[in-house]
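What follows is a single structure, written as structure tokens, with notes after it.
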Amino acid sequence: MGKRHPIFTDEHDMLRHSLRSFIEKEVAPHAEEWEKQGGFPHREVFKRFGELGFLGVDIPEQYGGSNAGFVATIVLAEEMARCNSSGVAASLGLHSNIALPYIAHLGTDEQKEKYLVPGVKGEIIGALGVTEPGAGSDVGSMRTYAVKDGDSYVINGSKMFITNGGIADFVILAAKTDREKGHQGITQFLVDTKTPGFTVSRDLDKLGWRACNTAELAFEDVRVPKSAILGEEESGFYNIMIHFQEERLYMAVGAVCEAQRALDLAIEYSKERVQFGRAIAKFQVTRHKIADMATEIEAARQIVYNTIRLYVEQEPCQVEVAMCKLFACEMAARVINQALQIFGGYGYMMEYPIQRLWRDSRIGPIGGGTSEIQREIIGRLLLQ
Ligand SMILES: Cc1cc2nc3c(=O)[nH]c(=O)nc-3n(C[C@H](O)[C@H](O)[C@H](O)COP(=O)(O)OP(=O)(O)OC[C@H]3O[C@@H](n4cnc5c(N)ncnc54)[C@H](O)[C@@H]3O)c2cc1C
């Protein structure tokens with residue numbers, strides 16, 4: 001609201017401006033159709049984003065990125081939220097803001113050449129495989145195993161709810177390399193999806209994020225070389241937790257943007273819709289609802305921006321990140337529910353975009369660590 005927040009600079013404004021005009025012209029007009037189809041022309045869209053340099057805003061220049069820093073990726077996340085399809089935003093965001101940074105931070109030179117360079121160009125698509133059918137919040141209980149065999153590893157197991165899983169060229173896969181060590185025995189591998197033994201078991205049908213592919217994956221005697229290990233052996237759990245920080249901030253940013261969009265739609269509608277001889281915006285109940293929604297959004301926005309500032313300044317902020325994820329995602333679900341209420345019966349109709357925001361926002365308190373897990377993190381750290 002109002003003045004630009006101090007985390008943003010003129011360079012960020014320029015990036016925002018070019019992203020906004022591109023998204024308004026080339027992405028948003030197709031969102032409705034892609035949501036209905038349950039998919040989008042991912043190869044074409046990823047390449048276009050790559051061509052324009054939007055997939056590597058925080059990737060070093062030597063790998064084709066623009067090295068513009070973490071806040072630039074927040075600008076990308078905010079502008080993507082305006083594309084009218086949280087599914088498309090999730091697919092691209094998972095690749096550019098989650099999968100590629102893993103490789104930039106942890107990859108060897110060889111891995112960076114192989115995945116980061118074409119990944120930034122949008123020529124290949126990444127996925128992150130952590131969750132399993134039997135291991136969600138309890139990451140350490142995963143049962144995908146990678147057994148050492150000479151100079152390679154043989155992987156068996158399955159992964160669940162994997163964003164981009166059915167369209168990806170590579171998966172950053174978490175597997176146990178030591179069964180006895182629990183979460184400390186997890187190693188991450190870069191697995192090409194063309195490797196024999198990899199299959200997409202099924203594409204999942206979802207309540208929201210309809211344009212985004214989410215799949216269950218199977219690994220049956222998938223053999224990868226030792227050089228496919230990402231980062232240190234058995235440092236997987238630690239790396240996942242570190243990268244969760246950024247994922248949770250992106251989810252919080254996305255939630256604020258979705259809630260803002262819902263509020264904007266509700267304000268517009270409430271001024272037009274006439275009942276009992278006056279616009280429903282004239283009822284004090286509606287005005288107060290709108291005031292509460294706007295206040296909640298602003299509170300979430302400020303805690304999110306403040307935490308981003310702490311994060312980029314490398315201040316300890318694990319508690320604050322969990323608070324952002326918890327508060328912003330639950331706030332968005334509440335606010336969007338109220339926005340839908342303002343639309344009355346029209347809010348329940350598929351032809352009005354508010355229903356999509358309502359469906360899409362439901363993932364917020366679930367994905368990237370549930371609200372309950374965020375409360376556990378906050379409570380545990382405060383009670384230490
Ligand atoms: C659309 C979508 C996309 C996703 N994308 C990816 C992806 O790309 N990669 C990936 O690896 N994963 C992905 N996930 C998985 C997501 O991270 C998990 O769904 C999430 O971590 C929760 O795991 P779960 O679904 O198994 O639920 P569970 O862990 O089984 O939880 C079920 C319920 O129990 C509660 N619960 C569990 N443990 C505790 C506890 N200790 N204390 C209190 N309550 C608890 C939970 O909060 C929840 O309410 C995605 C999920 C969805 C829905």
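Here, A, B, ... name the chains of the structure tokens in the order displayed, residue numbers run from 1 inside each chain, and ligands are numbered from 1 in the same displayed order.
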Practice problem: Report as an NGL selection string which protein, DNA and RNA residues come within 7 Å of ligand 1, using only C-alpha atoms and all ligand atoms. | Solution: :A and (127-131 or 133-138 or 160-164 or 209 or 214 or 363 or 366-373 or 376)
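The neighbours of Glu313 (chain A) here are the residues that come within 12 Å of it, using only C-alpha atoms and leaving out any residue fewer than 3 positions away in the same chain; they are Ile7, Gly69, Phe70, Val71, Asn306, Thr307, Ile308, Arg309, Leu310, Pro316 and Cys317 of chain A.
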Quiz item: Tell me, which residues of region 12-114 of chain A carry DSSP alpha helix (DSSP H), written as a PyMOL selection string?
Solution: chain A and resi 12-22+28-37+42-51+70-80+86-93+100-106+109-111
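Reported to one decimal place, the separation of CA of Val191 (chain A) from CA of Gly150 (chain A) is 17.8 Å.
Of the residues listed (A:Arg375, A:Pro29, A:Val75, A:Gly64), A:Val75 shows the shortest atom-to-atom separation from Met14 (chain A); distances use only C-alpha atoms.
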Quiz item: What's the 9 Å shell around region 228-242 of chain A, counting only C-alpha atoms, without same-chain residues fewer than 5 positions away, as a PyMOL selection string?
Solution: chain A and resi 102-103+105-108+111+130+139-140+152-153+172+174-178+183-191
Keeping C-alpha atoms for every residue in the selection just given, could you write it to a file as a compact mmCIF listing (two decimals), in the first residue's frame?
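Wrote it out as result14.txt, contents follow:
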# COMPACT_ATOMS: atom_id res chain seq x y z
CA TYR A 102 19.20 -25.55 -5.21
CA ILE A 103 21.60 -26.16 -8.08
CA HIS A 105 23.78 -23.07 -4.22
CA LEU A 106 24.85 -26.70 -4.08
CA GLY A 107 25.71 -27.90 -7.58
CA THR A 108 29.13 -28.82 -8.96
CA GLN A 111 25.83 -29.96 -12.66
CA VAL A 130 10.66 -34.76 -1.12
CA VAL A 139 10.25 -35.87 6.01
CA GLY A 140 12.70 -38.04 7.96
CA SER A 152 26.68 -45.48 -8.98
CA TYR A 153 23.54 -45.52 -6.83
CA ILE A 172 15.92 -33.00 -7.26
CA ALA A 174 15.61 -36.86 -1.73
CA ALA A 175 16.47 -40.46 -0.87
CA LYS A 176 17.98 -42.25 2.09
CA THR A 177 21.51 -43.46 1.55
CA ASP A 178 21.65 -44.80 5.09
CA HIS A 183 16.60 -37.85 8.67
CA GLN A 184 20.39 -37.66 8.86
CA GLY A 185 20.69 -40.36 6.23
CA ILE A 186 19.01 -38.34 3.46
CA THR A 187 20.97 -37.44 0.30
CA GLN A 188 19.71 -35.42 -2.66
CA PHE A 189 20.26 -36.53 -6.26
CA LEU A 190 19.74 -34.85 -9.59
CA VAL A 191 17.79 -37.45 -11.53
Please produce, as JSON lines, a per-residue contact table for region 33-144 of chain A versus region 344-356 of chain A (criterion: any atom at most 10 Å away, only C-alpha atoms considered), showing the nearest atom pair and its distance in Å to one decimal, sorted by chain then residue number.
{"residue": "A:Glu35", "atom": "CA", "partner": "A:Arg356", "partner_atom": "CA", "distance": 9.1}
{"residue": "A:Asn84", "atom": "CA", "partner": "A:Pro353", "partner_atom": "CA", "distance": 8.3}
{"residue": "A:Ser85", "atom": "CA", "partner": "A:Arg356", "partner_atom": "CA", "distance": 8.3}
{"residue": "A:Ser86", "atom": "CA", "partner": "A:Arg356", "partner_atom": "CA", "distance": 8.8}
Saved selection, atoms kept: C-alpha atoms, as a compact mmCIF listing (two decimals), in the first residue's frame:
# COMPACT_ATOMS: atom_id res chain seq x y z
CA GLU A 35 -7.12 -23.50 -16.01
CA ASN A 84 -4.72 -15.06 -13.04
CA SER A 85 -3.54 -18.64 -12.64
CA SER A 86 -1.85 -19.65 -9.42
Practice problem: From the DSSP assignment of the backbone, select every residue of region 78-217 of chain A that is strand (DSSP E), and format the answer as JSON, numbers by chain. | Solution: {"A": [126, 127, 128, 129, 145, 146, 147, 148, 149, 152, 153, 154, 155, 156, 157, 158, 159, 160, 161, 162, 163, 170, 171, 172, 173, 174, 175, 176, 186, 187, 188, 189, 190, 191, 192, 198, 199, 200, 201, 202, 203, 214, 215, 216, 217]}
Quiz item: Ala328 (chain A): which residues within 7 Å, counting only C-alpha atoms, same-chain residues fewer than 2 positions away excluded, as a PyMOL selection string?
Solution: chain A and resi 252+255-256+300+324-326+330-332
Exercise. Give me the residues within 8 Å of Lys121 (chain A) as a PyMOL selection string, counting only C-alpha atoms and dropping any in the same chain fewer than 6 places off.
Key: chain A and resi 46-47+49-51+53+55+64
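Among the candidate residues A:Ile280, A:Leu357, A:Val57, A:Leu94, the one lying nearest to Leu76 (chain A) is A:Val57, with distances computed using only C-alpha atoms.
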Exercise. Could you tell me how far CA of Arg334 (chain A) lies from CA of Tyr269 (chain A), in Å and to one decimal?
Key: 18.3 Å
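Comparing A:Ile155, A:Ala262, A:Leu204, A:Ala90 by their smallest distance to Val222 (chain A), the closest is A:Ile155 (using only C-alpha atoms).
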Quiz item: What separation in Å, quoted to one decimal, exists between CA of Ala339 (chain A) and CA of Ala266 (chain A)?
Solution: 5.4 Å
